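Asker: Next comes query.cif, mmCIF, C-alpha atoms and all ligand atoms:
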```cif
data_query
loop_
_atom_site.label_atom_id
_atom_site.label_comp_id
_atom_site.auth_asym_id
_atom_site.auth_seq_id
_atom_site.Cartn_x
_atom_site.Cartn_y
_atom_site.Cartn_z
CA MET A 658 10.85 22.63 21.27
CA ARG A 659 12.21 19.14 21.70
CA ARG A 660 9.77 18.58 24.54
CA THR A 661 6.82 19.72 22.45
CA SER A 662 7.57 17.34 19.59
CA ALA A 663 8.01 14.46 22.00
CA PHE A 664 4.62 15.27 23.47
CA ILE A 665 3.02 15.41 20.02
CA ALA A 666 4.58 12.07 19.09
CA LEU A 667 3.19 10.50 22.25
CA PHE A 668 -0.22 12.02 21.62
CA LEU A 669 -0.29 10.63 18.07
CA LEU A 670 0.67 7.20 19.33
CA VAL A 671 -2.06 7.19 21.97
CA SER A 672 -4.77 8.55 19.69
CA ARG A 673 -3.85 6.00 17.05
CA ALA A 674 -4.19 3.16 19.54
CA LEU A 675 -7.54 4.50 20.70
CA ALA A 676 -8.84 4.87 17.14
CA ALA A 677 -7.94 1.28 16.37
CA ASP A 678 -10.81 -1.17 16.43
CA VAL A 679 -9.62 -4.66 15.62
CA SER A 680 -11.36 -7.97 16.12
CA ILE A 681 -9.99 -11.47 15.78
CA GLU A 682 -12.46 -13.90 14.21
CA SER A 683 -12.63 -17.70 14.67
CA PRO A 684 -8.98 -18.45 15.51
CA TRP A 685 -8.13 -22.17 15.36
CA LEU A 686 -5.36 -24.69 14.91
CA LEU A 687 -5.14 -28.38 14.20
CA GLU A 688 -4.02 -30.58 17.10
CA PRO A 689 -0.34 -31.37 16.42
CA PRO A 690 0.60 -35.07 16.26
CA PRO A 691 2.25 -36.48 19.42
CA GLY A 692 5.89 -35.45 19.70
CA GLN A 693 5.42 -32.38 17.52
CA THR A 694 5.84 -28.94 19.15
CA GLY A 695 4.87 -26.83 16.15
CA ALA A 696 1.47 -25.74 14.84
CA ALA A 697 -0.18 -23.24 12.51
CA ILE A 698 -2.89 -20.90 13.79
CA TYR A 699 -5.53 -19.68 11.31
CA LEU A 700 -7.88 -16.74 11.88
CA GLY A 701 -9.54 -13.66 10.48
CA VAL A 702 -8.57 -10.11 11.48
CA ARG A 703 -11.17 -7.41 10.94
CA ASN A 704 -10.22 -3.73 10.94
CA ALA A 705 -13.33 -1.88 12.11
CA GLY A 706 -11.37 1.29 12.84
CA SER A 707 -10.82 4.38 10.70
CA ALA A 708 -7.08 3.95 10.16
CA GLU A 709 -5.08 1.33 8.31
CA LEU A 710 -3.76 -1.47 10.51
CA VAL A 711 -0.47 -3.17 9.82
CA LEU A 712 0.01 -6.64 11.30
CA ARG A 713 3.65 -7.00 12.31
CA SER A 714 4.09 -9.93 14.67
CA ALA A 715 2.47 -12.38 17.06
CA THR A 716 3.15 -14.03 20.39
CA VAL A 717 1.72 -17.37 21.54
CA GLU A 718 1.49 -18.42 25.17
CA GLY A 719 3.91 -21.20 26.05
CA ALA A 720 5.64 -21.15 22.65
CA ALA A 721 9.30 -20.38 21.95
CA SER A 722 8.35 -18.36 18.88
CA ALA A 723 5.51 -17.34 16.58
CA GLU A 724 5.94 -15.93 13.08
CA ILE A 725 3.59 -14.68 10.39
CA HIS A 726 4.03 -17.07 7.47
CA GLY A 727 2.80 -17.04 3.91
CA HIS A 728 2.96 -19.44 0.99
CA MET A 729 4.83 -18.51 -2.16
CA MET A 730 5.71 -20.21 -5.42
CA HIS A 731 9.39 -20.90 -5.91
CA GLY A 732 9.79 -22.24 -9.43
CA ASP A 733 6.95 -24.77 -9.52
CA MET A 734 7.25 -25.64 -5.83
CA MET A 735 5.10 -24.16 -3.08
CA HIS A 736 7.06 -22.97 -0.05
CA MET A 737 6.12 -21.30 3.19
CA GLY A 738 8.15 -18.68 4.96
CA PRO A 739 8.07 -15.41 6.92
CA ALA A 740 5.64 -12.85 5.49
CA GLY A 741 4.50 -9.33 6.27
CA PRO A 742 4.11 -6.74 7.59
CA LEU A 743 0.52 -7.17 6.36
CA PRO A 744 -1.62 -4.01 5.91
CA ILE A 745 -5.38 -4.15 6.54
CA ALA A 746 -7.42 -1.23 5.17
CA PRO A 747 -10.19 0.34 7.28
CA GLY A 748 -13.32 -1.82 6.97
CA ALA A 749 -11.37 -4.73 5.49
CA ALA A 750 -10.52 -8.14 6.89
CA LEU A 751 -7.41 -10.25 6.48
CA LEU A 752 -7.86 -14.01 6.36
CA LEU A 753 -5.17 -16.38 7.55
CA ALA A 754 -6.33 -19.74 6.19
CA PRO A 755 -4.88 -23.13 5.16
CA GLY A 756 -2.81 -22.74 1.99
CA GLY A 757 -2.21 -19.04 2.72
CA TYR A 758 -1.12 -16.89 5.64
CA HIS A 759 -0.86 -18.43 9.09
CA LEU A 760 0.83 -17.92 12.44
CA MET A 761 3.67 -20.42 12.56
CA VAL A 762 4.12 -21.53 16.13
CA SER A 763 7.17 -23.45 17.27
CA GLY A 764 8.59 -24.74 20.52
CA LEU A 765 5.29 -25.28 22.30
CA GLY A 766 5.94 -26.38 25.88
CA ALA A 767 2.70 -28.34 26.13
CA ARG A 768 1.00 -30.03 23.18
CA PRO A 769 -2.38 -28.43 22.44
CA VAL A 770 -5.13 -31.06 22.52
CA THR A 771 -8.50 -31.11 20.77
CA GLY A 772 -11.05 -28.92 22.49
CA GLY A 773 -8.39 -26.86 24.26
CA ARG A 774 -7.59 -23.21 23.71
CA LEU A 775 -4.26 -21.58 22.95
CA PRO A 776 -3.94 -17.91 23.98
CA PHE A 777 -2.11 -15.60 21.57
CA CYS A 778 -1.67 -11.90 20.77
CA LEU A 779 -1.25 -10.00 17.52
CA GLU A 780 0.93 -6.88 17.41
CA PHE A 781 0.22 -4.07 14.97
CA GLU A 782 2.16 -0.95 14.04
CA GLY A 783 1.59 1.98 16.37
CA GLY A 784 1.48 -0.12 19.53
CA VAL A 785 -1.91 -1.70 18.78
CA ARG A 786 -2.33 -5.15 20.25
CA ALA A 787 -5.20 -7.66 20.10
CA CYS A 788 -5.40 -10.96 21.94
CA SER A 789 -7.60 -14.03 21.66
CA GLU A 790 -7.61 -17.80 22.17
CA ALA A 791 -7.32 -20.27 19.29
CA LEU A 792 -9.56 -23.34 19.44
CA VAL A 793 -7.72 -26.65 19.03
CA LYS A 794 -9.49 -28.87 16.47
CA GLY A 795 -9.11 -32.59 15.92
CA VAL A 796 -7.99 -34.15 12.64
CA ALA A 797 -11.62 -34.77 11.67
CA GLY A 798 -12.22 -31.02 12.01
CA LYS A 799 -14.27 -31.21 15.21
CU CU A 801 4.44 -21.81 8.20
#
```
Now that the file is in, can you turn its structure into structure tokens?
Answerer:
Amino acid sequence: MRRTSAFIALFLLVSRALAADVSIESPWLLEPPPGQTGAAIYLGVRNAGSAELVLRSATVEGAASAEIHGHMMHGDMMHMGPAGPLPIAPGAALLLAPGGYHLMVSGLGARPVTGGRLPFCLEFEGGVRACSEALVKGVAGK
């Protein structure tokens, strides 16, 4: 009995991962100023699958940590801080853009420079994972 339910749980996990169809759209970050090891990655996440996706966490290559951040009003001051988990309905897209959600990256070993690419992965509930590379843009937006 115990064996059967473990098998079913595993099957559900696998079928859920297979049913997931997630794409990361136009990921980018601004080149951090010299001496700064933090950055914010912006992107779109499209859920083209048939089940809801829930964005839980992120990892960034060469960084000590990466967190999903959002902006919130605190009195009349705007603050940013950890946000999520963020659900994405089937057929919907979640936008992480300046002034809103972003991936807060800290402790970067090497400073990303304009024109470079920073590999990262997004982790969703149910063991779903999607990876891409964020384009590093210059201050002028190039
Ligand atoms: Cu932040």
Asker: For ligand CU 801 (chain A), collect every residue having any atom at a distance of at most 8 Å from a ligand atom (counting all atoms listed in the file); output as a list of chain:residue names.
Answerer: A:Ala697, A:Glu724, A:Ile725, A:His726, A:Gly727, A:His728, A:Met737, A:Gly738, A:Pro739, A:Tyr758, A:His759, A:Leu760, A:Met761, A:Val762
Asker: Find the spatial neighbours of stretch 677-680 of chain A, counting all atoms listed in the file, within a cut-off of 10 Å - ignore same-chain residues fewer than 2 positions away - and output them as a ChimeraX atom specification.
Answerer: /A:672-675,682-683,701-710,747-748,750,781,783,785-789
Asker: Keeping only C-alpha atoms, write those residues as a PDB file, keeping the file's coordinate frame.
Answerer:
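Once written, out09.pdb looks like this:
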```pdb
ATOM      1  CA  SER A 672      -4.770   8.550  19.690  1.00  0.00           C
ATOM      2  CA  ARG A 673      -3.850   6.000  17.050  1.00  0.00           C
ATOM      3  CA  ALA A 674      -4.190   3.160  19.540  1.00  0.00           C
ATOM      4  CA  LEU A 675      -7.540   4.500  20.700  1.00  0.00           C
ATOM      5  CA  GLU A 682     -12.460 -13.900  14.210  1.00  0.00           C
ATOM      6  CA  SER A 683     -12.630 -17.700  14.670  1.00  0.00           C
ATOM      7  CA  GLY A 701      -9.540 -13.660  10.480  1.00  0.00           C
ATOM      8  CA  VAL A 702      -8.570 -10.110  11.480  1.00  0.00           C
ATOM      9  CA  ARG A 703     -11.170  -7.410  10.940  1.00  0.00           C
ATOM     10  CA  ASN A 704     -10.220  -3.730  10.940  1.00  0.00           C
ATOM     11  CA  ALA A 705     -13.330  -1.880  12.110  1.00  0.00           C
ATOM     12  CA  GLY A 706     -11.370   1.290  12.840  1.00  0.00           C
ATOM     13  CA  SER A 707     -10.820   4.380  10.700  1.00  0.00           C
ATOM     14  CA  ALA A 708      -7.080   3.950  10.160  1.00  0.00           C
ATOM     15  CA  GLU A 709      -5.080   1.330   8.310  1.00  0.00           C
ATOM     16  CA  LEU A 710      -3.760  -1.470  10.510  1.00  0.00           C
ATOM     17  CA  PRO A 747     -10.190   0.340   7.280  1.00  0.00           C
ATOM     18  CA  GLY A 748     -13.320  -1.820   6.970  1.00  0.00           C
ATOM     19  CA  ALA A 750     -10.520  -8.140   6.890  1.00  0.00           C
ATOM     20  CA  PHE A 781       0.220  -4.070  14.970  1.00  0.00           C
ATOM     21  CA  GLY A 783       1.590   1.980  16.370  1.00  0.00           C
ATOM     22  CA  VAL A 785      -1.910  -1.700  18.780  1.00  0.00           C
ATOM     23  CA  ARG A 786      -2.330  -5.150  20.250  1.00  0.00           C
ATOM     24  CA  ALA A 787      -5.200  -7.660  20.100  1.00  0.00           C
ATOM     25  CA  CYS A 788      -5.400 -10.960  21.940  1.00  0.00           C
ATOM     26  CA  SER A 789      -7.600 -14.030  21.660  1.00  0.00           C
TER      27      SER A 789
END
```
Asker: As a list in words, please: the residues near stretch 770-779 of chain A (cut-off 9 Å, only C-alpha atoms, same-chain neighbours under 3 positions excluded).
Answerer: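 Neighbouring residues, sequence-local ones excluded: Trp685, Leu686, Leu687, Glu688, Pro689, Leu712, Arg713, Ser714, Ala715, Thr716, Val717, Glu718, Gly719, Val785, Arg786, Ala787, Cys788, Ser789, Glu790, Ala791, Leu792, Val793, Lys794, Gly795, Val796 and Lys799 of chain A.
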Asker: Taking into account all atoms listed in the file, which residue in the set A:His731, A:Ala797, A:Ile681, A:Gly692 is nearest to A:Gly764?
Answerer: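 Answer, going by the shortest atom-to-atom distance: A:Gly692.
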Asker: May I ask for the distance between atom CA of A:Pro769 and atom CA of A:Pro742, given in Å to one decimal place?
Answerer: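 Going from atom CA of A:Pro769 over to atom CA of A:Pro742, I get 27.1 Å.
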Asker: Just how far from atom CA of A:Gly695 is atom CA of A:Glu782, in Å to one decimal?
Answerer: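 For atom CA of A:Glu782 relative to atom CA of A:Gly695, the distance reads 26.1 Å.
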Asker: Using Å and a single decimal, report how far atom CA of A:Met735 sits from atom CA of A:Pro690.
Answerer: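 Pair atom CA of A:Pro690 / atom CA of A:Met735 returns 22.7 Å.
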Asker: Between A:Leu765, A:Met734, A:Ala740, A:Ala720, which residue has the minimum interatomic distance to A:Gln693, considering all atoms listed in the file?
Answerer: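 Answer, going by the shortest atom-to-atom distance: A:Leu765.
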Asker: Can you take the partial stretch 771-797 of chain A, add N, CA and C atoms, and return it as a short mmCIF file (atom, residue, chain, number, x, y, z; two decimals), in the frame of the given file?
Answerer:
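Written file, selection.cif:
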```
data_model
loop_
_atom_site.label_atom_id
_atom_site.label_comp_id
_atom_site.auth_asym_id
_atom_site.auth_seq_id
_atom_site.Cartn_x
_atom_site.Cartn_y
_atom_site.Cartn_z
N THR A 771 -7.18 -31.42 21.32
CA THR A 771 -8.50 -31.11 20.77
C THR A 771 -9.47 -30.62 21.84
N GLY A 772 -10.10 -29.51 21.56
CA GLY A 772 -11.05 -28.92 22.49
C GLY A 772 -10.43 -27.87 23.39
N GLY A 773 -9.09 -27.84 23.43
CA GLY A 773 -8.39 -26.86 24.26
C GLY A 773 -8.31 -25.51 23.57
N ARG A 774 -7.74 -24.55 24.28
CA ARG A 774 -7.59 -23.21 23.71
C ARG A 774 -6.17 -22.71 23.93
N LEU A 775 -5.63 -22.07 22.91
CA LEU A 775 -4.26 -21.58 22.95
C LEU A 775 -4.27 -20.05 22.87
N PRO A 776 -3.92 -19.37 23.98
CA PRO A 776 -3.94 -17.91 23.98
C PRO A 776 -2.81 -17.32 23.12
N PHE A 777 -3.11 -16.27 22.40
CA PHE A 777 -2.11 -15.60 21.57
C PHE A 777 -2.46 -14.12 21.43
N CYS A 778 -1.46 -13.33 21.01
CA CYS A 778 -1.67 -11.90 20.77
C CYS A 778 -1.09 -11.51 19.42
N LEU A 779 -1.75 -10.56 18.76
CA LEU A 779 -1.25 -10.00 17.52
C LEU A 779 -0.77 -8.58 17.81
N GLU A 780 0.36 -8.23 17.22
CA GLU A 780 0.93 -6.88 17.41
C GLU A 780 0.86 -6.14 16.08
N PHE A 781 0.34 -4.91 16.16
CA PHE A 781 0.22 -4.07 14.97
C PHE A 781 1.10 -2.84 15.13
N GLU A 782 1.39 -2.19 14.00
CA GLU A 782 2.16 -0.95 14.04
C GLU A 782 1.44 0.07 14.90
N GLY A 783 2.19 0.93 15.56
CA GLY A 783 1.59 1.98 16.37
C GLY A 783 1.22 1.51 17.76
N GLY A 784 1.72 0.36 18.17
CA GLY A 784 1.48 -0.12 19.53
C GLY A 784 0.11 -0.75 19.73
N VAL A 785 -0.60 -1.05 18.65
CA VAL A 785 -1.91 -1.70 18.78
C VAL A 785 -1.71 -3.19 18.97
N ARG A 786 -2.49 -3.75 19.90
CA ARG A 786 -2.33 -5.15 20.25
C ARG A 786 -3.71 -5.76 20.43
N ALA A 787 -3.92 -6.98 19.92
CA ALA A 787 -5.20 -7.66 20.10
C ALA A 787 -4.92 -9.10 20.46
N CYS A 788 -5.65 -9.61 21.46
CA CYS A 788 -5.40 -10.96 21.94
C CYS A 788 -6.67 -11.81 21.84
N SER A 789 -6.48 -13.11 21.72
CA SER A 789 -7.60 -14.03 21.66
C SER A 789 -7.10 -15.43 22.04
N GLU A 790 -7.98 -16.41 21.89
CA GLU A 790 -7.61 -17.80 22.17
C GLU A 790 -8.01 -18.65 20.98
N ALA A 791 -7.04 -19.41 20.45
CA ALA A 791 -7.32 -20.27 19.29
C ALA A 791 -7.87 -21.61 19.77
N LEU A 792 -8.95 -22.06 19.12
CA LEU A 792 -9.56 -23.34 19.44
C LEU A 792 -8.77 -24.47 18.78
N VAL A 793 -8.46 -25.51 19.57
CA VAL A 793 -7.72 -26.65 19.03
C VAL A 793 -8.71 -27.65 18.45
N LYS A 794 -8.57 -27.94 17.14
CA LYS A 794 -9.49 -28.87 16.47
C LYS A 794 -8.81 -30.20 16.22
N GLY A 795 -9.61 -31.26 16.20
CA GLY A 795 -9.11 -32.59 15.92
C GLY A 795 -8.92 -32.79 14.42
N VAL A 796 -8.30 -33.90 14.05
CA VAL A 796 -7.99 -34.15 12.64
C VAL A 796 -9.27 -34.20 11.81
N ALA A 797 -10.36 -34.68 12.40
CA ALA A 797 -11.62 -34.77 11.67
C ALA A 797 -12.30 -33.40 11.54
#
```
